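Asker: The structure's right below; bear with me while I get my questions together.
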Amino acid sequence: MSLVGLKGMSRERLVGLLDAAQSFLDASGKPRTPAWAQNLLADRAVGLLFFEPSTRTRVSFELAAKRLGATVINLNAYESSLKKGETVLDTVLNLEAMGMDVFVVRHGQRGIPAELDAGVRAPIVNAGDGTGEHPTQGLLDTLVLRRRLSDLGGAELAGRTITYIGDIKHSRVVRSGANALRTLGATVRLAGPDALLPEDASGWGGAEIVRGGRAEALRGADAVIVLRIQRERFPAGQLDEGGYGQGWRITREALEAEAKPDVWVLHPGPVIRGEEMEGEVADGDRSLILEQVSAGVAVRQAVLLDVLKVGVSWRQAMSRDA
Ligand code: CP
């Protein structure tokens, strides 16, 4: 079974993935691979196909796969036969014919992972497709928030409010994360300047658009997920650049004046310091940014096991864990 998006994912699969990922984190939220898991993928080959730049997603998938014992092949799209005109589908079919077991794909064009999923037998994991989805980012954000905010009740984030702030319109991170957070019962709000907001919130997993300013967006939020302005996805001139910093940048002063004192601050990265967020907020004691990065390795381990149907009883595994 592939992982193309979180939209429509059952609560059962979502919670199963989060619980599995949790077993790859220690008590402080750092990644760890217990001995019982270190060879689970010993006979599997994982292909990483990144057609857009990445640091966190690509490296954490590689670490995740290698720590489970898999062979990892990084296809350099810029030096492959794609440059001679071969299609992405033909490339993947050829790699599959060599015996590769799963493909992790990032592409600037929305829908490419779904197209590949329809055309090859091996599972496809979407590592971000244009403005489409970024399911493993949505999972890791949800995992970190569940860890920090859950009351461990039946609906783990019920009663909690999570606000995404910044470039909502072009964000695949929101499209995935909002679905997962809503499934766990959170209220999800979307805020930013009009030029970076969708016209309506349909298709955003039941999230609400908060119109107005930064203060309205921050008010009452238990966590705020700050987003980079994705200039590569819209024409220059569409955004009032000067007004953005003044009205929307997340600063220490803004948090002190407009947010709850115990608000958590997240960012999927890369952070552009001084643009959507001040460096002192990114480095501050309410920031969970590096905890997100740690959770990314654990989530990708859980996802690889899930799509490759490597059956592990997590309760059993954890009981023999040391
Ligand atoms: N969050 C995220 O997708 O980061 P990268 O682009 O570095 O992978």
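Ordering of the structure tokens sets the chain letters (A, B, ...), residue numbers begin anew at 1 in every chain, and ligands are numbered from 1 in the order given.
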I want to know what sits within 7 Å of stretch 256-261 of chain A, based on only C-alpha atoms, with residues of the same chain fewer than 2 positions away left out; could you give that as JSON, numbers by chain?
Answerer: {"A": [215, 218, 219, 220, 221, 252, 253, 254, 263]}
Asker: Please write out the residues within 6 Å of ligand 1 as an mmCIF file with N, CA and C atoms, in the first residue's frame, counting only C-alpha atoms and all ligand atoms.
Answerer:
```cif
data_model
loop_
_atom_site.group_PDB
_atom_site.id
_atom_site.type_symbol
_atom_site.label_atom_id
_atom_site.label_comp_id
_atom_site.auth_asym_id
_atom_site.auth_seq_id
_atom_site.Cartn_x
_atom_site.Cartn_y
_atom_site.Cartn_z
ATOM 1 N N SER A 54 15.873 19.185 -1.293
ATOM 2 C CA SER A 54 15.427 18.741 0.036
ATOM 3 C C SER A 54 16.644 18.510 0.916
ATOM 4 N N THR A 55 16.529 18.834 2.174
ATOM 5 C CA THR A 55 17.535 18.438 3.167
ATOM 6 C C THR A 55 16.903 17.449 4.141
ATOM 7 N N ARG A 56 15.900 17.905 4.901
ATOM 8 C CA ARG A 56 15.310 17.102 5.963
ATOM 9 C C ARG A 56 14.658 15.812 5.447
ATOM 10 N N THR A 57 13.811 15.934 4.439
ATOM 11 C CA THR A 57 13.029 14.769 4.020
ATOM 12 C C THR A 57 13.939 13.700 3.407
ATOM 13 N N ARG A 58 14.828 14.113 2.509
ATOM 14 C CA ARG A 58 15.675 13.122 1.837
ATOM 15 C C ARG A 58 16.620 12.434 2.825
ATOM 16 N N PRO A 268 8.087 23.624 9.493
ATOM 17 C CA PRO A 268 8.556 22.411 8.804
ATOM 18 C C PRO A 268 9.972 22.547 8.252
ATOM 19 N N GLY A 269 10.465 23.774 8.127
ATOM 20 C CA GLY A 269 11.775 24.015 7.549
ATOM 21 C C GLY A 269 11.694 23.971 6.014
ATOM 22 N N PRO A 270 12.611 24.604 5.331
ATOM 23 C CA PRO A 270 13.686 25.413 5.899
ATOM 24 C C PRO A 270 13.157 26.741 6.459
#
```
Asker: Just want the 12 Å neighbourhood of A:Ala223, counted on only C-alpha atoms, with same-chain residues fewer than 2 positions away dropped. Output as a count of residues only.
Answerer: 40
Asker: Neighbouring residues of stretch 22-32 of chain A were defined as those with any atom within 8 Å, considering only C-alpha atoms; residues of the same chain fewer than 6 positions away were excluded. Please report them as a PyMOL selection string.
Answerer: chain A and resi 143+291+294-295+297-299+301+314+318
Asker: Please, could you write that set of residues out with N, CA and C atoms as a PDB file, in the first residue's frame?
Answerer:
```
ATOM      1  N   LEU A 143       2.698  14.011  15.188  1.00  0.00           N
ATOM      2  CA  LEU A 143       3.338  13.225  16.243  1.00  0.00           C
ATOM      3  C   LEU A 143       3.899  14.132  17.336  1.00  0.00           C
ATOM      4  N   GLU A 291      12.856  19.246  17.358  1.00  0.00           N
ATOM      5  CA  GLU A 291      12.098  18.048  17.761  1.00  0.00           C
ATOM      6  C   GLU A 291      11.315  17.493  16.560  1.00  0.00           C
ATOM      7  N   SER A 294      13.789  15.525  14.477  1.00  0.00           N
ATOM      8  CA  SER A 294      14.044  14.210  15.087  1.00  0.00           C
ATOM      9  C   SER A 294      12.877  13.257  14.816  1.00  0.00           C
ATOM     10  N   ALA A 295      11.664  13.772  14.983  1.00  0.00           N
ATOM     11  CA  ALA A 295      10.477  12.933  14.763  1.00  0.00           C
ATOM     12  C   ALA A 295      10.393  12.468  13.314  1.00  0.00           C
ATOM     13  N   VAL A 297      12.672  11.247  11.363  1.00  0.00           N
ATOM     14  CA  VAL A 297      13.334   9.952  11.132  1.00  0.00           C
ATOM     15  C   VAL A 297      12.415   8.828  11.596  1.00  0.00           C
ATOM     16  N   ALA A 298      11.836   8.992  12.772  1.00  0.00           N
ATOM     17  CA  ALA A 298      10.960   7.956  13.340  1.00  0.00           C
ATOM     18  C   ALA A 298       9.723   7.738  12.467  1.00  0.00           C
ATOM     19  N   VAL A 299       9.124   8.834  12.015  1.00  0.00           N
ATOM     20  CA  VAL A 299       7.936   8.714  11.158  1.00  0.00           C
ATOM     21  C   VAL A 299       8.288   7.978   9.864  1.00  0.00           C
ATOM     22  N   GLN A 301      10.637   5.809   9.385  1.00  0.00           N
ATOM     23  CA  GLN A 301      10.822   4.384   9.662  1.00  0.00           C
ATOM     24  C   GLN A 301       9.463   3.694   9.708  1.00  0.00           C
ATOM     25  N   TRP A 314       3.500  -3.686  17.584  1.00  0.00           N
ATOM     26  CA  TRP A 314       4.245  -2.652  18.311  1.00  0.00           C
ATOM     27  C   TRP A 314       4.228  -2.890  19.804  1.00  0.00           C
ATOM     28  N   MET A 318       7.576  -3.378  21.720  1.00  0.00           N
ATOM     29  CA  MET A 318       7.974  -2.472  22.796  1.00  0.00           C
ATOM     30  C   MET A 318       8.187  -3.245  24.103  1.00  0.00           C
TER      31      MET A 318
END
```
Asker: Work out how far atom CA of A:Gly284 is from atom CA of A:Arg228, in Å to one decimal.
Answerer: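 Between atom CA of A:Arg228 and atom CA of A:Gly284 the gap works out to 18.1 Å.
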Asker: From a backbone DSSP assignment, name each residue in stretch 78-166 of chain A labelled alpha helix (DSSP H), as a PyMOL selection string.
Answerer: chain A and resi 88-97+112-119+135-149
Asker: Create the file for the chosen residues now, containing N, CA, C and O atoms and written as a short mmCIF file (atom, residue, chain, number, x, y, z; two decimals), in the first residue's frame.
Answerer:
```cif
data_model
loop_
_atom_site.label_atom_id
_atom_site.label_comp_id
_atom_site.auth_asym_id
_atom_site.auth_seq_id
_atom_site.Cartn_x
_atom_site.Cartn_y
_atom_site.Cartn_z
N VAL A 88 9.40 9.96 -16.06
CA VAL A 88 9.57 9.53 -14.67
C VAL A 88 9.00 8.12 -14.50
O VAL A 88 9.61 7.26 -13.85
N LEU A 89 7.86 7.84 -15.14
CA LEU A 89 7.26 6.51 -15.01
C LEU A 89 8.18 5.44 -15.58
O LEU A 89 8.40 4.40 -14.96
N ASP A 90 8.74 5.69 -16.77
CA ASP A 90 9.66 4.69 -17.35
C ASP A 90 10.88 4.50 -16.47
O ASP A 90 11.38 3.38 -16.29
N THR A 91 11.37 5.59 -15.88
CA THR A 91 12.52 5.48 -14.98
C THR A 91 12.18 4.57 -13.80
O THR A 91 12.94 3.66 -13.46
N VAL A 92 11.02 4.78 -13.21
CA VAL A 92 10.64 3.99 -12.03
C VAL A 92 10.39 2.53 -12.44
O VAL A 92 10.80 1.59 -11.73
N LEU A 93 9.77 2.31 -13.60
CA LEU A 93 9.54 0.93 -14.05
C LEU A 93 10.87 0.20 -14.24
O LEU A 93 11.01 -0.99 -13.91
N ASN A 94 11.88 0.91 -14.76
CA ASN A 94 13.19 0.28 -14.95
C ASN A 94 13.85 -0.04 -13.62
O ASN A 94 14.44 -1.11 -13.44
N LEU A 95 13.73 0.88 -12.66
CA LEU A 95 14.32 0.62 -11.33
C LEU A 95 13.59 -0.53 -10.64
O LEU A 95 14.21 -1.36 -9.97
N GLU A 96 12.29 -0.59 -10.84
CA GLU A 96 11.52 -1.69 -10.26
C GLU A 96 11.96 -3.02 -10.87
O GLU A 96 12.09 -4.04 -10.17
N ALA A 97 12.25 -3.00 -12.19
CA ALA A 97 12.70 -4.23 -12.85
C ALA A 97 14.04 -4.70 -12.31
O ALA A 97 14.38 -5.88 -12.38
N ILE A 112 2.21 13.74 -9.38
CA ILE A 112 3.16 12.75 -9.91
C ILE A 112 3.18 11.46 -9.06
O ILE A 112 3.13 10.35 -9.61
N PRO A 113 3.23 11.55 -7.71
CA PRO A 113 3.23 10.30 -6.94
C PRO A 113 1.98 9.45 -7.20
O PRO A 113 2.06 8.23 -7.29
N ALA A 114 0.82 10.10 -7.34
CA ALA A 114 -0.41 9.34 -7.62
C ALA A 114 -0.32 8.67 -8.99
O ALA A 114 -0.74 7.52 -9.17
N GLU A 115 0.24 9.37 -9.98
CA GLU A 115 0.39 8.77 -11.31
C GLU A 115 1.32 7.57 -11.26
O GLU A 115 1.06 6.53 -11.89
N LEU A 116 2.42 7.70 -10.53
CA LEU A 116 3.34 6.57 -10.41
C LEU A 116 2.68 5.41 -9.69
O LEU A 116 2.85 4.25 -10.06
N ASP A 117 1.90 5.73 -8.68
CA ASP A 117 1.22 4.69 -7.91
C ASP A 117 0.30 3.87 -8.82
O ASP A 117 0.16 2.66 -8.64
N ALA A 118 -0.30 4.55 -9.81
CA ALA A 118 -1.20 3.85 -10.72
C ALA A 118 -0.43 3.01 -11.74
O ALA A 118 -0.98 2.10 -12.34
N GLY A 119 0.86 3.33 -11.92
CA GLY A 119 1.61 2.70 -13.01
C GLY A 119 2.63 1.65 -12.62
O GLY A 119 3.15 0.95 -13.49
N PRO A 135 2.76 14.04 3.04
CA PRO A 135 2.18 13.27 4.14
C PRO A 135 3.13 12.98 5.29
O PRO A 135 2.70 12.98 6.45
N THR A 136 4.41 12.71 5.02
CA THR A 136 5.28 12.39 6.17
C THR A 136 5.54 13.63 7.02
O THR A 136 5.73 13.53 8.23
N GLN A 137 5.50 14.83 6.40
CA GLN A 137 5.62 16.06 7.21
C GLN A 137 4.37 16.22 8.08
O GLN A 137 4.46 16.56 9.26
N GLY A 138 3.19 15.97 7.48
CA GLY A 138 1.96 16.05 8.26
C GLY A 138 1.98 15.08 9.43
O GLY A 138 1.54 15.41 10.54
N LEU A 139 2.50 13.89 9.18
CA LEU A 139 2.57 12.89 10.27
C LEU A 139 3.53 13.32 11.36
O LEU A 139 3.23 13.21 12.55
N LEU A 140 4.68 13.84 10.97
CA LEU A 140 5.66 14.18 12.02
C LEU A 140 5.20 15.40 12.82
O LEU A 140 5.42 15.46 14.05
N ASP A 141 4.56 16.35 12.16
CA ASP A 141 4.01 17.49 12.91
C ASP A 141 2.96 17.02 13.90
O ASP A 141 2.91 17.46 15.06
N THR A 142 2.11 16.10 13.45
CA THR A 142 1.06 15.58 14.32
C THR A 142 1.65 14.78 15.47
O THR A 142 1.19 14.88 16.62
N LEU A 143 2.70 14.01 15.19
CA LEU A 143 3.34 13.22 16.24
C LEU A 143 3.90 14.13 17.34
O LEU A 143 3.70 13.90 18.53
N VAL A 144 4.59 15.20 16.92
CA VAL A 144 5.18 16.13 17.90
C VAL A 144 4.07 16.81 18.71
O VAL A 144 4.16 16.93 19.93
N LEU A 145 3.01 17.23 18.04
CA LEU A 145 1.94 17.92 18.75
C LEU A 145 1.19 16.96 19.68
O LEU A 145 0.82 17.33 20.80
N ARG A 146 1.00 15.73 19.23
CA ARG A 146 0.34 14.75 20.10
C ARG A 146 1.19 14.52 21.35
O ARG A 146 0.68 14.43 22.46
N ARG A 147 2.50 14.45 21.16
CA ARG A 147 3.42 14.22 22.29
C ARG A 147 3.36 15.38 23.28
O ARG A 147 3.41 15.20 24.49
N ARG A 148 3.24 16.61 22.75
CA ARG A 148 3.29 17.79 23.62
C ARG A 148 1.93 18.20 24.17
O ARG A 148 1.85 18.82 25.23
N LEU A 149 0.85 17.90 23.43
CA LEU A 149 -0.45 18.47 23.79
C LEU A 149 -1.52 17.45 24.15
O LEU A 149 -2.58 17.83 24.67
#
```
Asker: Which is closer to A:Glu12 than all the others in A:Leu184, A:Glu278, A:Gly85, A:Arg249, using only C-alpha atoms?
Answerer: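 Between A:Leu184, A:Glu278, A:Gly85, A:Arg249, the residue approaching A:Glu12 most closely is A:Leu184.
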Asker: If you count only C-alpha atoms, which residues fall within 12 Å of A:Ser171, apart from same-chain ones fewer than 2 positions away, as a ChimeraX atom specification?
Answerer: /A:110,128-135,137-138,164-169,173-178,190,192,196-198,204,225-234,268
Asker: Quick one: of A:Ile250, A:Val307, A:Val104, A:Val281, who's nearest to A:Phe51, counting only C-alpha atoms?
Answerer: A:Val104
Asker: Hey, what's within 12 Å of A:Ala77 if we count only C-alpha atoms and toss same-chain stuff fewer than 5 positions away? As a ChimeraX atom specification, please?
Answerer: /A:47-53,82-88,91-92,105-107
Asker: With N, CA and C atoms retained, write the just-selected residues as a CSV table (one decimal), in the first residue's frame.
Answerer:
```csv
chain,number,residue,atom,x,y,z
A,47,GLY,N,14.4,3.3,-3.1
A,47,GLY,CA,14.8,4.3,-4.1
A,47,GLY,C,14.4,5.6,-3.6
A,48,LEU,N,15.3,6.6,-3.6
A,48,LEU,CA,15.0,8.0,-3.2
A,48,LEU,C,15.1,8.8,-4.5
A,49,LEU,N,13.9,9.3,-5.0
A,49,LEU,CA,13.9,10.0,-6.2
A,49,LEU,C,13.4,11.4,-5.9
A,50,PHE,N,14.4,12.3,-5.9
A,50,PHE,CA,14.0,13.7,-5.5
A,50,PHE,C,14.3,14.6,-6.7
A,51,PHE,N,13.2,15.2,-7.2
A,51,PHE,CA,13.3,16.1,-8.4
A,51,PHE,C,13.2,17.6,-8.0
A,52,GLU,N,13.1,17.8,-6.7
A,52,GLU,CA,13.1,19.1,-6.1
A,52,GLU,C,14.1,19.1,-4.9
A,53,PRO,N,14.7,20.2,-4.6
A,53,PRO,CA,15.7,20.2,-3.5
A,53,PRO,C,15.1,19.8,-2.1
A,82,LEU,N,16.8,10.7,-17.3
A,82,LEU,CA,15.7,11.6,-17.4
A,82,LEU,C,16.1,12.8,-18.3
A,83,LYS,N,17.4,13.1,-18.2
A,83,LYS,CA,17.9,14.3,-18.9
A,83,LYS,C,17.9,14.0,-20.4
A,84,LYS,N,17.8,12.7,-20.8
A,84,LYS,CA,17.8,12.4,-22.3
A,84,LYS,C,16.3,12.3,-22.7
A,85,GLY,N,15.4,12.5,-21.8
A,85,GLY,CA,14.0,12.5,-22.3
A,85,GLY,C,13.1,11.3,-21.8
A,86,GLU,N,13.7,10.5,-21.0
A,86,GLU,CA,13.0,9.3,-20.4
A,86,GLU,C,11.9,9.9,-19.4
A,87,THR,N,10.8,9.3,-19.4
A,87,THR,CA,9.7,9.8,-18.4
A,87,THR,C,10.0,9.3,-17.0
A,88,VAL,N,9.4,10.0,-16.1
A,88,VAL,CA,9.6,9.5,-14.7
A,88,VAL,C,9.0,8.1,-14.5
A,91,THR,N,11.4,5.6,-15.9
A,91,THR,CA,12.5,5.5,-15.0
A,91,THR,C,12.2,4.6,-13.8
A,92,VAL,N,11.0,4.8,-13.2
A,92,VAL,CA,10.6,4.0,-12.0
A,92,VAL,C,10.4,2.5,-12.4
A,105,VAL,N,9.3,9.6,-3.5
A,105,VAL,CA,9.3,10.6,-4.6
A,105,VAL,C,9.0,12.0,-4.2
A,106,ARG,N,9.8,12.9,-4.5
A,106,ARG,CA,9.5,14.3,-4.4
A,106,ARG,C,9.5,14.9,-5.8
A,107,HIS,N,8.5,15.7,-6.1
A,107,HIS,CA,8.4,16.3,-7.5
A,107,HIS,C,7.7,17.6,-7.4
```
Asker: Record the distance separating atom CA of A:Glu62 and atom CA of A:Asp285, expressed in Å with one decimal.
Answerer: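 Computed distance, atom CA of A:Glu62 to atom CA of A:Asp285, equals 29.2 Å.
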Asker: Return the single residue from A:Leu6, A:Pro193, A:Asn74, A:Ala35 that is closest to A:Glu241, with distances computed using only C-alpha atoms.
Answerer: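 Checking each candidate against A:Glu241, we get A:Pro193 as the closest.
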Asker: Would you work out the distance separating atom CA of A:Ala70 from atom CA of A:Ala45, expressed in Å to one decimal?
Answerer: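 Value for the atom CA of A:Ala70-atom CA of A:Ala45 distance: 5.7 Å.
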Asker: Based on the backbone DSSP call, show me all residues of stretch 13-234 of chain A assigned strand (DSSP E or B), as a PyMOL selection string.
Answerer: chain A and resi 25+31+45-50+71-75+102-107+124-129+161-165+187-191+208-209+223-226
Asker: Keeping only C-alpha atoms, write the selected residues as a compact mmCIF listing (two decimals), in the first residue's frame.
Answerer:
```
# COMPACT_ATOMS: atom_id res chain seq x y z
CA LEU A 25 11.76 7.81 19.69
CA PRO A 31 15.40 9.01 17.24
CA ALA A 45 15.97 -1.76 -1.60
CA VAL A 46 14.59 1.78 -1.15
CA GLY A 47 14.81 4.26 -4.05
CA LEU A 48 14.96 7.97 -3.24
CA LEU A 49 13.87 10.03 -6.25
CA PHE A 50 14.04 13.74 -5.49
CA THR A 71 19.84 -0.79 0.83
CA VAL A 72 19.28 2.80 -0.31
CA ILE A 73 19.68 4.08 -3.86
CA ASN A 74 19.63 7.85 -4.40
CA LEU A 75 18.77 8.63 -8.01
CA VAL A 102 9.71 1.03 -2.72
CA PHE A 103 10.10 4.53 -4.17
CA VAL A 104 10.15 7.77 -2.20
CA VAL A 105 9.32 10.56 -4.63
CA ARG A 106 9.50 14.34 -4.38
CA HIS A 107 8.43 16.30 -7.46
CA ILE A 124 5.14 4.90 -3.69
CA VAL A 125 5.73 7.30 -0.81
CA ASN A 126 4.98 10.94 -1.56
CA ALA A 127 7.82 13.08 -0.22
CA GLY A 128 6.11 16.30 -1.40
CA ASP A 129 4.40 16.96 -4.76
CA THR A 161 -6.22 24.71 18.59
CA ILE A 162 -3.42 24.59 16.03
CA THR A 163 -2.86 27.61 13.77
CA TYR A 164 -0.91 27.48 10.52
CA ILE A 165 0.38 30.93 9.68
CA THR A 187 -9.36 22.70 15.72
CA VAL A 188 -7.16 23.80 12.80
CA ARG A 189 -6.95 27.45 11.75
CA LEU A 190 -5.29 28.91 8.65
CA ALA A 191 -4.02 32.50 8.63
CA GLU A 208 -11.08 27.24 9.29
CA ILE A 209 -9.67 30.36 7.66
CA ALA A 223 0.54 25.74 18.84
CA VAL A 224 1.43 27.76 15.79
CA ILE A 225 3.02 26.19 12.72
CA VAL A 226 4.85 28.90 10.78
```
Asker: Identify which of the residues A:Leu18, A:Pro235, A:Gly205, A:Arg182 lies closest to A:His170, counting only C-alpha atoms when measuring atom-to-atom distances.
Answerer: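 For A:His170, the nearest of the given residues is A:Pro235.
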